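Everything on this sheet refers to the single structure shown next.
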Amino acid sequence: MNTANRITLARIALIPLFMFFFAEWPAKLADAAVFRFLNEYGSYMAVAIFVLASGTDKLDGYIARKYNQITNLGKLLDPLADKLLISVALIMMVQADMIASWVAVIMIGREFVITGLRMIASAQGIALAADRFGKWKMVAQVVAIVAVMLENVPFQWFTYIRVDQLLMLLALLMTLASGVHYLVNNFKALKLNEM
């Protein structure tokens, strides 16, 4: 296994650690100092882990291209790791009542639709590459998730506006727009291929 794939696997391995720190531990366990600490500061550690995991997405791609380590395993694992990381973060934020459930449903649903389209294309022998709109969408989602997990810090020091929620709305709009763009551009290729 090459370095790029190891980094991708490390990103996947960080997801349970992110969940551990982000979770709200039951009050029954609050007597133990470790759980009291986790309930008070765990979310900040979760943010750090999330940012680290998100950053490895660029790193593994860079290494794969620079050192010619692009593999079929990497092509499978890299988008899977991204989808898992974002989906887990969104689901846990819904559980923590930080975002509305419909926001998570739309963002995660978009990934299911695009993955389904890629599977259909793959069955037809067509490789659908990610476009720049998908990459911008990923960046917007990461920024919005971090802002919401930090509960509008540091923006709350400068304004009463919930910048974190505005960033989440922007990420949602970019998610929808990039999904529509991807479907329109690639569905034509699939229809042409079937004729």
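Each chain in the structure tokens gets a letter, A, B, ..., in the order shown, and its residues are numbered from 1; ligands are numbered from 1 in order too.
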Can you tell me which residues surround stretch 31-45 of chain A at a distance of at most 8 Å, considering only C-alpha atoms, apart from same-chain residues fewer than 6 positions away, and format the answer as a ChimeraX atom specification? /A:18,21-25,149-150
Go ahead and save the residues from that selection, with all heavy atoms, as a compact mmCIF listing (two decimals), in the first residue's frame.
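part.txt, written as the output of this step:
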# COMPACT_ATOMS: atom_id res chain seq x y z
N PHE A 18 -13.00 11.52 16.06
CA PHE A 18 -13.81 12.73 15.99
C PHE A 18 -15.14 12.53 16.71
O PHE A 18 -15.57 13.37 17.51
CB PHE A 18 -14.05 13.10 14.51
CG PHE A 18 -15.15 14.09 14.30
CD1 PHE A 18 -14.95 15.44 14.54
CD2 PHE A 18 -16.41 13.67 13.87
CE1 PHE A 18 -15.98 16.36 14.36
CE2 PHE A 18 -17.44 14.58 13.69
CZ PHE A 18 -17.22 15.92 13.93
N PHE A 21 -14.78 12.54 20.63
CA PHE A 21 -14.61 13.85 21.25
C PHE A 21 -15.83 14.75 21.08
O PHE A 21 -16.12 15.59 21.92
CB PHE A 21 -13.37 14.55 20.71
CG PHE A 21 -12.09 14.02 21.30
CD1 PHE A 21 -11.22 13.25 20.54
CD2 PHE A 21 -11.77 14.26 22.62
CE1 PHE A 21 -10.05 12.76 21.09
CE2 PHE A 21 -10.61 13.76 23.19
CZ PHE A 21 -9.74 13.01 22.41
N PHE A 22 -16.56 14.57 19.97
CA PHE A 22 -17.71 15.44 19.71
C PHE A 22 -18.96 15.03 20.49
O PHE A 22 -19.85 15.84 20.74
CB PHE A 22 -18.00 15.46 18.21
CG PHE A 22 -18.98 16.53 17.80
CD1 PHE A 22 -18.68 17.88 17.98
CD2 PHE A 22 -20.20 16.21 17.23
CE1 PHE A 22 -19.57 18.87 17.61
CE2 PHE A 22 -21.09 17.19 16.85
CZ PHE A 22 -20.77 18.52 17.04
N ALA A 23 -19.02 13.76 20.88
CA ALA A 23 -20.20 13.23 21.57
C ALA A 23 -20.45 13.95 22.89
O ALA A 23 -19.51 14.34 23.59
CB ALA A 23 -20.04 11.73 21.81
N GLU A 24 -21.72 14.09 23.22
CA GLU A 24 -22.12 14.63 24.52
C GLU A 24 -22.31 13.43 25.45
O GLU A 24 -23.18 12.60 25.22
CB GLU A 24 -23.44 15.41 24.38
CG GLU A 24 -23.92 16.05 25.66
CD GLU A 24 -23.09 17.24 26.09
OE1 GLU A 24 -22.48 17.90 25.24
OE2 GLU A 24 -23.06 17.50 27.31
N TRP A 25 -21.49 13.35 26.47
CA TRP A 25 -21.53 12.19 27.36
C TRP A 25 -22.62 12.35 28.40
O TRP A 25 -22.89 13.47 28.86
CB TRP A 25 -20.15 11.99 28.00
CG TRP A 25 -19.13 11.66 26.96
CD1 TRP A 25 -18.31 12.52 26.30
CD2 TRP A 25 -18.87 10.37 26.40
NE1 TRP A 25 -17.56 11.86 25.36
CE2 TRP A 25 -17.87 10.53 25.40
CE3 TRP A 25 -19.38 9.09 26.63
CZ2 TRP A 25 -17.38 9.47 24.65
CZ3 TRP A 25 -18.89 8.03 25.88
CH2 TRP A 25 -17.90 8.22 24.91
N MET A 149 -19.60 24.13 14.57
CA MET A 149 -19.10 23.39 15.74
C MET A 149 -18.47 24.32 16.77
O MET A 149 -18.52 24.05 17.97
CB MET A 149 -18.08 22.31 15.31
CG MET A 149 -18.76 21.12 14.65
SD MET A 149 -17.74 19.63 14.53
CE MET A 149 -16.17 20.21 14.04
N LEU A 150 -17.89 25.42 16.32
CA LEU A 150 -17.31 26.41 17.23
C LEU A 150 -18.36 27.37 17.77
O LEU A 150 -18.03 28.29 18.52
CB LEU A 150 -16.19 27.19 16.53
CG LEU A 150 -14.90 26.40 16.26
CD1 LEU A 150 -13.93 27.24 15.43
CD2 LEU A 150 -14.25 25.96 17.56
For stretch 20-130 of chain A versus stretch 157-172 of chain A, which residues have an atom no more than 12 Å away, and what is each residue's nearest atom pair and distance in Å rounded to one decimal, using only C-alpha atoms, chain-then-number order, as CSV?
residue,atom,partner,partner_atom,distance
A:Ile86,CA,A:Ala171,CA,11.9
A:Leu90,CA,A:Met168,CA,10.7
A:Met93,CA,A:Met168,CA,11.7
A:Met98,CA,A:Gln165,CA,9.3
A:Ile99,CA,A:Gln165,CA,8.3
A:Ala100,CA,A:Met168,CA,10.6
A:Trp102,CA,A:Leu172,CA,10.4
A:Val103,CA,A:Leu172,CA,7.0
A:Ala104,CA,A:Leu172,CA,8.9
A:Val105,CA,A:Leu172,CA,10.4
A:Ile106,CA,A:Leu172,CA,7.7
A:Met107,CA,A:Leu172,CA,6.7
A:Ile108,CA,A:Leu172,CA,10.4
A:Gly109,CA,A:Leu172,CA,11.5
A:Arg110,CA,A:Leu172,CA,10.2
Which of stretch 30-139 of chain A counts as alpha helix (DSSP H) under DSSP, as number ranges by chain please? A: 33-66, 72-95, 101-123, 132-139
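Pairwise distance (atom CA of A:Ala81, atom CA of A:Lys188) equals 27.9 Å.
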Using only C-alpha atoms, tabulate the residues of stretch 126-158 of chain A lying at most 10 Å from any atom of stretch 50-53 of chain A, each with its closest atom pair and that distance in Å to one decimal, by chain and increasing residue number, as CSV.
residue,atom,partner,partner_atom,distance
A:Val142,CA,A:Val51,CA,7.8
A:Val143,CA,A:Val51,CA,9.1
A:Ile145,CA,A:Phe50,CA,9.1
A:Val146,CA,A:Val51,CA,7.7
Produce a file of the selected residues containing all heavy atoms, as a JSON list (two decimals), in the first residue's frame.
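Result file follows (out_0.json):
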[["chain", "number", "residue", "atom", "x", "y", "z"],
["A", 142, "VAL", "N", -16.70, 22.18, 4.75],
["A", 142, "VAL", "CA", -15.73, 22.09, 5.85],
["A", 142, "VAL", "C", -15.72, 23.38, 6.66],
["A", 142, "VAL", "O", -15.77, 23.35, 7.89],
["A", 142, "VAL", "CB", -14.31, 21.76, 5.31],
["A", 142, "VAL", "CG1", -13.26, 21.94, 6.39],
["A", 142, "VAL", "CG2", -14.27, 20.32, 4.76],
["A", 143, "VAL", "N", -15.67, 24.51, 5.98],
["A", 143, "VAL", "CA", -15.66, 25.82, 6.66],
["A", 143, "VAL", "C", -16.94, 25.99, 7.49],
["A", 143, "VAL", "O", -16.89, 26.41, 8.65],
["A", 143, "VAL", "CB", -15.50, 26.97, 5.65],
["A", 143, "VAL", "CG1", -15.74, 28.33, 6.30],
["A", 143, "VAL", "CG2", -14.11, 26.93, 5.02],
["A", 145, "ILE", "N", -19.04, 23.66, 8.65],
["A", 145, "ILE", "CA", -19.11, 22.70, 9.76],
["A", 145, "ILE", "C", -18.22, 23.16, 10.91],
["A", 145, "ILE", "O", -18.64, 23.13, 12.07],
["A", 145, "ILE", "CB", -18.72, 21.28, 9.27],
["A", 145, "ILE", "CG1", -19.86, 20.71, 8.41],
["A", 145, "ILE", "CG2", -18.41, 20.36, 10.45],
["A", 145, "ILE", "CD1", -19.51, 19.45, 7.67],
["A", 146, "VAL", "N", -17.02, 23.63, 10.60],
["A", 146, "VAL", "CA", -16.12, 24.12, 11.66],
["A", 146, "VAL", "C", -16.74, 25.33, 12.36],
["A", 146, "VAL", "O", -16.74, 25.41, 13.59],
["A", 146, "VAL", "CB", -14.73, 24.46, 11.07],
["A", 146, "VAL", "CG1", -13.89, 25.24, 12.08],
["A", 146, "VAL", "CG2", -14.01, 23.19, 10.63]]
As a PyMOL selection string, please: the residues near A:Lys58 (cut-off 12 Å, only C-alpha atoms, same-chain neighbours under 5 positions excluded). chain A and resi 4+7-8+11+51-53+63-65+78-79+82+135+138-139
Just-selected residues, C-alpha atoms written as a JSON list (two decimals), in the first residue's frame:
[["chain", "number", "residue", "atom", "x", "y", "z"],
["A", 4, "ALA", "CA", -1.30, 8.33, -0.47],
["A", 7, "ILE", "CA", -3.08, 8.90, 4.42],
["A", 8, "THR", "CA", -6.61, 8.28, 3.12],
["A", 11, "ARG", "CA", -8.49, 10.05, 7.49],
["A", 51, "VAL", "CA", -9.71, 20.09, 10.40],
["A", 52, "LEU", "CA", -6.77, 17.65, 10.41],
["A", 53, "ALA", "CA", -8.82, 14.95, 8.67],
["A", 63, "ILE", "CA", 1.16, 12.93, -3.01],
["A", 64, "ALA", "CA", -0.75, 10.61, -5.35],
["A", 65, "ARG", "CA", -0.28, 12.99, -8.30],
["A", 78, "ASP", "CA", -10.65, 9.05, -1.28],
["A", 79, "PRO", "CA", -14.24, 10.11, -2.10],
["A", 82, "ASP", "CA", -14.72, 12.57, 2.31],
["A", 135, "LYS", "CA", -14.19, 20.81, -4.74],
["A", 138, "MET", "CA", -16.30, 20.45, -0.11],
["A", 139, "VAL", "CA", -14.35, 23.52, 1.07]]
May I ask which of the residues A:Ala189, A:Ala46, A:Ala13, A:Asn5 is the closest one to A:Ile120, counting only C-alpha atoms? A:Ala189
Using only C-alpha atoms, the residue out of A:Ser54, A:Ser101, A:Thr115, A:Gln95 with shortest distance to A:Leu76 is A:Thr115
As an exercise, work out the distance from atom CA of A:Ala140 to atom CA of A:Ile49 in Å and give it to one decimal place. 17.5 Å
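Minimum distance to A:Phe20 across A:Leu73, A:Leu80, A:Leu190, A:Met92 (counting only C-alpha atoms) occurs at A:Met92.
From atom CA of A:Thr3 back to atom CA of A:Leu59, the distance works out to 10.2 Å.
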Select from stretch 96-149 of chain A every residue with an atom at most 7 Å from any atom of stretch 176-182 of chain A, then for each give the shortest pair of atoms and their distance in Å to one decimal, using only C-alpha atoms, rows by chain and rising number, as a tab-separated table.
residue	atom	partner	partner_atom	distance
A:Arg110	CA	A:Gly179	CA	6.3
A:Phe133	CA	A:Ser178	CA	5.3
A:Gly134	CA	A:Ser178	CA	5.8
A:Lys137	CA	A:Ser178	CA	6.8
